[in-house]
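I have placed the structure first, in the form of structure tokens, so that the comments after it can refer back to it.
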Amino acid sequence: MQLTANIQNYHFNHILLNAAGVMCQTSMELDTVLASEYTGAVVTKSATPLVRPGNPAPRYYELNNGLGTINSMGLPNEGFDYYMDYVDTKETYKPIFFSIAGLSKQENIAMLHQLQDADFDGLIELNLSCPNVPGKPQTGYDFEATEQILTEVFAFFKKPLGVKLPPYFDIVHFDDIAAILNKFPLAFVNTINSIGNGLVIDQDTDTVVIKPKAGFGGIGGTLVKATALANVRALRDRLNTTIKIIGTGGVTTGRDVYDHLLCGADLVEVGSQLAIEGITVFERLEKELTEILTEKGYDSLDDVRGQLKIMS
Ligand SMILES: O=C(O)c1[nH]c(=O)[nH]c(=O)c1Cl
């Protein structure tokens, strides 16, 4: 069974990889994801121009019912130059996604100029959806700002670039964001980022479970699967076929990977469950997915992608 995908000139021998933010802040973590036999690529922690310690801990929590996670990390990362050095020196046949999340349009433009001028041969993910920097709204929820930055970026940026989007919850918002994205030669769209600003309570202490922002943080895991599938499906249905889809959100089993494929995903990312289970999650997910595909008689993922049925 060939579990493969393509984005422009990049070929993926496996369709699974980490979600930005999970197991990807240090070179050790990035190497771990790349070294797995069951990943097709790796994505870096979203980089800012300078090193950031992020928000005060506790800033990440796994719900004890296993249904999800909440985080308000606050964009902790080793800084843009660290990841540039990593991609410059890393010997790997697997594609690397370089994620950036500047705290302003100017910061993003500056990092993209450096990436354009560098030897970096990989894909770039412009994160428009970090929900956890106090005082910074998610660009992805500001449609004018999103169109403006993409207009400025594509005036000079010629390498494969995609955007990481927040979840949308309104059909008209799916229409509006897709209409904007279709104006640009995007290589891919990655949907969804965590559902921003959820709240989780510790039932023993009647206290929030993370310190930053009075306990408000991005929600991931099983809790977000239905929203993730809806965003993958809605954007696949609306975006030009030249724009590939990375499906992220709610993946804990092979069936969840399969469901993302049915909705139109080309690649599938694992965040919360990777943080919870560790690197072996990829082998389990691929084995579970293969069992489903075999049982249903599929021998190619392209026979599955986008084949979700609606009721007549
Ligand atoms: O707090 C974070 O670092 C963070 N956390 C998320 O859930 N999504 C993001 O894009 C980022 Cl940048």
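We name chains A, B, ... following the order of the structure tokens; residues begin at 1 in each chain, and ligands are numbered from 1 as shown.
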I'd like the neighbourhood of A:Val224 as a ChimeraX atom specification, where a residue qualifies if any of its atoms comes within 10 Å (using only C-alpha atoms), though same-chain residues fewer than 4 positions away should be ignored.
/A:67-69,167,192-195,219-220,228-229,248-251
Step one, run DSSP on the backbone; step two, keep only residues of stretch 12-199 of chain A assigned to helix (DSSP H, G or I); then write them as a ChimeraX atom specification.
/A:27-35,80-89,105-117,139-141,143-153,171-181
Long-range neighbours of A:Gln138 as JSON, numbers by chain, 12 Å cut-off, only C-alpha atoms, 5 positions minimum in chain
{"A": [101, 102, 103, 104, 105, 127, 128, 129, 130, 131, 132, 133, 143, 145, 146, 164, 165, 166, 167, 168, 193, 194, 195, 196, 197, 218]}
List as a PyMOL selection string the protein and nucleic acid residues near A:Val304, meaning an atom at most 9 Å away when only C-alpha atoms are counted, but skip any in the same chain fewer than 5 places from it.
chain A and resi 258+261-264+293+298
Between atom CA of A:Pro49 and atom CA of A:Val22, what distance in Å does the model show, to one decimal?
19.4 Å
Identify all residues of stretch 34-245 of chain A in strand (DSSP E or B) (DSSP on the backbone) and supply them as JSON, numbers by chain.
{"A": [42, 43, 47, 52, 60, 61, 62, 69, 70, 71, 77, 96, 97, 98, 99, 100, 123, 124, 125, 126, 127, 161, 162, 163, 164, 165, 188, 189, 190, 191, 195, 196, 197, 198, 199, 201, 202, 207, 208, 216, 217, 218, 219, 220, 244, 245]}
Of the candidates A:Lys211, A:His173, A:Lys244, A:Arg255, which shows the shortest atom-to-atom distance to A:Asn231, using only C-alpha atoms?
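Among A:Lys211, A:His173, A:Lys244, A:Arg255, it is A:His173 that comes nearest to A:Asn231.
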Which residue out of A:Ile149, A:Ile15, A:Ile279, A:Leu3 has the minimum interatomic distance to A:Ala265 when only C-alpha atoms are used?
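Ranked by minimum distance to A:Ala265, first place goes to A:Ile15.
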For A:Leu16, which residue among A:Gly40, A:Gly254, A:Gly66, A:Gly271 is the nearest when counting only C-alpha atoms?
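The answer is A:Gly40, which sits nearest to A:Leu16.
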Pick from A:Gly215, A:Tyr10, A:Glu147, A:Met1 nearest to A:Gly122, counting only C-alpha atoms:
A:Tyr10
Spatial neighbours of stretch 80-97 of chain A, max dist 10 Å, only C-alpha atoms, sep filter under 4 positions, as a ChimeraX atom specification
/A:7,10-14,20,25-27,30-31,34-35,39-51,101-102,111,114-115,118-126,160-162
Write out the residues from the selection above, keeping N, CA and C atoms, as a CSV table (one decimal), in the first residue's frame.
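The new file part14.csv reads:
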```csv
chain,number,residue,atom,x,y,z
A,7,ILE,N,3.2,17.7,-2.9
A,7,ILE,CA,2.9,19.1,-2.9
A,7,ILE,C,3.9,19.7,-3.8
A,10,TYR,N,7.5,18.4,-4.2
A,10,TYR,CA,7.9,17.6,-3.0
A,10,TYR,C,7.0,16.3,-2.9
A,11,HIS,N,7.7,15.2,-2.7
A,11,HIS,CA,7.1,13.9,-2.6
A,11,HIS,C,7.2,13.4,-1.2
A,12,PHE,N,6.1,12.9,-0.7
A,12,PHE,CA,6.0,12.4,0.6
A,12,PHE,C,5.8,10.9,0.6
A,13,ASN,N,6.6,10.1,1.2
A,13,ASN,CA,6.5,8.6,1.2
A,13,ASN,C,5.5,8.1,2.3
A,14,HIS,N,5.2,9.0,3.2
A,14,HIS,CA,4.2,8.7,4.2
A,14,HIS,C,3.4,10.0,4.4
A,20,ALA,N,2.8,21.6,13.9
A,20,ALA,CA,3.8,22.6,14.4
A,20,ALA,C,3.5,22.8,15.9
A,25,GLN,N,10.5,21.7,18.7
A,25,GLN,CA,11.2,23.0,19.1
A,25,GLN,C,12.7,22.9,19.0
A,26,THR,N,13.3,21.8,19.3
A,26,THR,CA,14.7,21.6,19.3
A,26,THR,C,15.1,20.7,18.2
A,27,SER,N,16.4,20.8,17.9
A,27,SER,CA,16.9,19.9,16.8
A,27,SER,C,16.8,18.4,17.2
A,30,LEU,N,13.2,17.6,16.4
A,30,LEU,CA,13.0,17.5,14.9
A,30,LEU,C,13.6,16.3,14.3
A,31,ASP,N,14.8,15.9,14.8
A,31,ASP,CA,15.5,14.7,14.4
A,31,ASP,C,14.7,13.4,14.7
A,34,LEU,N,11.9,13.2,12.2
A,34,LEU,CA,12.4,12.8,10.9
A,34,LEU,C,12.9,11.3,10.9
A,35,ALA,N,13.4,10.8,12.0
A,35,ALA,CA,14.0,9.5,12.0
A,35,ALA,C,12.9,8.4,12.0
A,39,THR,N,6.9,8.7,9.4
A,39,THR,CA,6.6,10.1,9.0
A,39,THR,C,7.1,10.4,7.6
A,40,GLY,N,6.3,11.3,7.0
A,40,GLY,CA,6.7,11.7,5.6
A,40,GLY,C,7.4,13.0,5.6
A,41,ALA,N,7.4,13.7,6.7
A,41,ALA,CA,8.1,15.1,6.7
A,41,ALA,C,8.1,15.5,8.2
A,42,VAL,N,8.6,16.7,8.4
A,42,VAL,CA,8.6,17.3,9.8
A,42,VAL,C,8.2,18.8,9.6
A,43,VAL,N,7.6,19.4,10.6
A,43,VAL,CA,7.4,20.8,10.5
A,43,VAL,C,8.0,21.4,11.8
A,44,THR,N,8.6,22.6,11.7
A,44,THR,CA,9.3,23.2,12.8
A,44,THR,C,8.3,23.9,13.7
A,45,LYS,N,8.7,24.1,15.0
A,45,LYS,CA,7.9,25.0,15.8
A,45,LYS,C,7.9,26.3,15.1
A,46,SER,N,6.7,27.0,15.1
A,46,SER,CA,6.7,28.3,14.5
A,46,SER,C,7.8,29.3,15.0
A,47,ALA,N,8.5,29.8,14.2
A,47,ALA,CA,9.7,30.7,14.6
A,47,ALA,C,9.3,32.1,14.6
A,48,THR,N,9.9,32.8,15.6
A,48,THR,CA,9.8,34.3,15.6
A,48,THR,C,11.3,34.8,15.3
A,49,PRO,N,11.5,36.1,15.0
A,49,PRO,CA,12.8,36.5,14.7
A,49,PRO,C,13.8,36.2,15.8
A,50,LEU,N,13.4,36.4,17.0
A,50,LEU,CA,14.3,36.2,18.2
A,50,LEU,C,13.8,35.0,19.0
A,51,VAL,N,14.7,34.5,19.8
A,51,VAL,CA,14.4,33.4,20.8
A,51,VAL,C,13.2,33.9,21.7
A,101,ALA,N,5.9,32.5,12.6
A,101,ALA,CA,4.8,33.2,13.2
A,101,ALA,C,5.3,34.5,13.8
A,102,GLY,N,5.6,35.4,12.9
A,102,GLY,CA,6.0,36.8,13.4
A,102,GLY,C,4.9,37.4,14.2
A,111,MET,N,11.2,37.7,7.8
A,111,MET,CA,11.6,36.3,7.8
A,111,MET,C,11.5,35.7,6.4
A,114,GLN,N,14.3,36.5,4.1
A,114,GLN,CA,15.5,35.7,4.5
A,114,GLN,C,15.3,34.3,3.9
A,115,LEU,N,14.1,33.8,4.0
A,115,LEU,CA,13.9,32.4,3.5
A,115,LEU,C,14.0,32.4,2.0
A,118,ALA,N,17.6,32.5,1.1
A,118,ALA,CA,18.5,31.4,1.6
A,118,ALA,C,18.5,30.2,0.6
A,119,ASP,N,19.4,29.3,0.9
A,119,ASP,CA,19.4,28.1,0.0
A,119,ASP,C,18.3,27.1,0.4
A,120,PHE,N,17.6,27.4,1.4
A,120,PHE,CA,16.6,26.5,1.9
A,120,PHE,C,15.7,25.9,0.8
A,121,ASP,N,15.7,24.6,0.8
A,121,ASP,CA,14.9,23.9,-0.2
A,121,ASP,C,13.8,23.1,0.5
A,122,GLY,N,12.7,23.7,0.8
A,122,GLY,CA,11.6,23.0,1.5
A,122,GLY,C,10.4,23.9,1.4
A,123,LEU,N,9.4,23.6,2.2
A,123,LEU,CA,8.2,24.3,2.2
A,123,LEU,C,8.1,25.3,3.4
A,124,ILE,N,7.3,26.4,3.2
A,124,ILE,CA,7.2,27.3,4.3
A,124,ILE,C,5.7,27.4,4.7
A,125,GLU,N,5.5,27.4,6.1
A,125,GLU,CA,4.2,27.5,6.6
A,125,GLU,C,4.0,28.8,7.4
A,126,LEU,N,3.2,29.7,6.9
A,126,LEU,CA,3.0,30.9,7.5
A,126,LEU,C,1.8,30.8,8.5
A,160,PRO,N,7.7,27.4,-2.2
A,160,PRO,CA,6.4,26.8,-1.9
A,160,PRO,C,5.9,27.3,-0.5
A,161,LEU,N,4.8,28.0,-0.5
A,161,LEU,CA,4.3,28.6,0.8
A,161,LEU,C,2.9,28.2,1.0
A,162,GLY,N,2.6,27.9,2.3
A,162,GLY,CA,1.2,27.6,2.7
A,162,GLY,C,0.9,28.4,3.9
```
Name the residues in contact with A:Phe282 at a cut-off of 10 Å, using only C-alpha atoms, excluding same-chain residues fewer than 4 positions from it; report them as a PyMOL selection string.
chain A and resi 14-18+33+36-39+252-254+269-270+273-274+277-278+286-288
Selection near stretch 202-208 of chain A, 10 Å with only C-alpha atoms, sequence-local residues under 5 positions removed, as an NGL selection string:
:A and (63-64 or 214-216)
For the selection just defined, write its residues with all heavy atoms to a file, as a PDB file, in the first residue's frame.
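Just written: result_31.pdb:
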```pdb
ATOM      1  N   LEU A  63      -6.127  16.637  29.299  1.00  0.00           N
ATOM      2  CA  LEU A  63      -7.337  16.295  30.035  1.00  0.00           C
ATOM      3  C   LEU A  63      -7.261  14.844  30.487  1.00  0.00           C
ATOM      4  O   LEU A  63      -6.827  13.972  29.713  1.00  0.00           O
ATOM      5  CB  LEU A  63      -8.577  16.497  29.158  1.00  0.00           C
ATOM      6  CG  LEU A  63      -9.113  17.933  29.103  1.00  0.00           C
ATOM      7  CD1 LEU A  63      -8.177  18.833  28.313  1.00  0.00           C
ATOM      8  CD2 LEU A  63     -10.509  17.979  28.531  1.00  0.00           C
ATOM      9  N   ASN A  64      -7.655  14.577  31.733  1.00  0.00           N
ATOM     10  CA  ASN A  64      -7.463  13.217  32.241  1.00  0.00           C
ATOM     11  C   ASN A  64      -8.480  12.230  31.691  1.00  0.00           C
ATOM     12  O   ASN A  64      -8.380  11.042  31.922  1.00  0.00           O
ATOM     13  CB  ASN A  64      -7.431  13.174  33.780  1.00  0.00           C
ATOM     14  CG  ASN A  64      -8.458  14.111  34.381  1.00  0.00           C
ATOM     15  OD1 ASN A  64      -9.503  14.330  33.784  1.00  0.00           O
ATOM     16  ND2 ASN A  64      -8.132  14.659  35.537  1.00  0.00           N
ATOM     17  N   ALA A 214      -5.366  33.704  32.463  1.00  0.00           N
ATOM     18  CA  ALA A 214      -6.417  33.270  33.396  1.00  0.00           C
ATOM     19  C   ALA A 214      -6.997  31.915  33.009  1.00  0.00           C
ATOM     20  O   ALA A 214      -8.155  31.619  33.306  1.00  0.00           O
ATOM     21  CB  ALA A 214      -7.527  34.313  33.466  1.00  0.00           C
ATOM     22  N   GLY A 215      -6.155  31.093  32.356  1.00  0.00           N
ATOM     23  CA  GLY A 215      -6.574  29.727  32.056  1.00  0.00           C
ATOM     24  C   GLY A 215      -7.099  29.501  30.649  1.00  0.00           C
ATOM     25  O   GLY A 215      -7.404  28.357  30.282  1.00  0.00           O
ATOM     26  N   PHE A 216      -7.169  30.563  29.864  1.00  0.00           N
ATOM     27  CA  PHE A 216      -7.684  30.425  28.487  1.00  0.00           C
ATOM     28  C   PHE A 216      -6.571  29.894  27.589  1.00  0.00           C
ATOM     29  O   PHE A 216      -5.423  30.394  27.625  1.00  0.00           O
ATOM     30  CB  PHE A 216      -8.170  31.766  27.954  1.00  0.00           C
ATOM     31  CG  PHE A 216      -9.496  32.216  28.520  1.00  0.00           C
ATOM     32  CD1 PHE A 216      -9.606  32.540  29.869  1.00  0.00           C
ATOM     33  CD2 PHE A 216     -10.618  32.303  27.715  1.00  0.00           C
ATOM     34  CE1 PHE A 216     -10.830  32.944  30.399  1.00  0.00           C
ATOM     35  CE2 PHE A 216     -11.841  32.712  28.246  1.00  0.00           C
ATOM     36  CZ  PHE A 216     -11.947  33.036  29.592  1.00  0.00           C
TER      37      PHE A 216
END
```
Of the candidates A:Ile180, A:Ala155, A:Val163, A:Ile109, which shows the shortest atom-to-atom distance to ligand 1, using only C-alpha atoms and all ligand atoms?
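Closest residue, counting only C-alpha atoms and all ligand atoms: A:Val163.
Going from atom CA of A:Glu291 to atom CA of A:Asn65 covers 26.4 Å.
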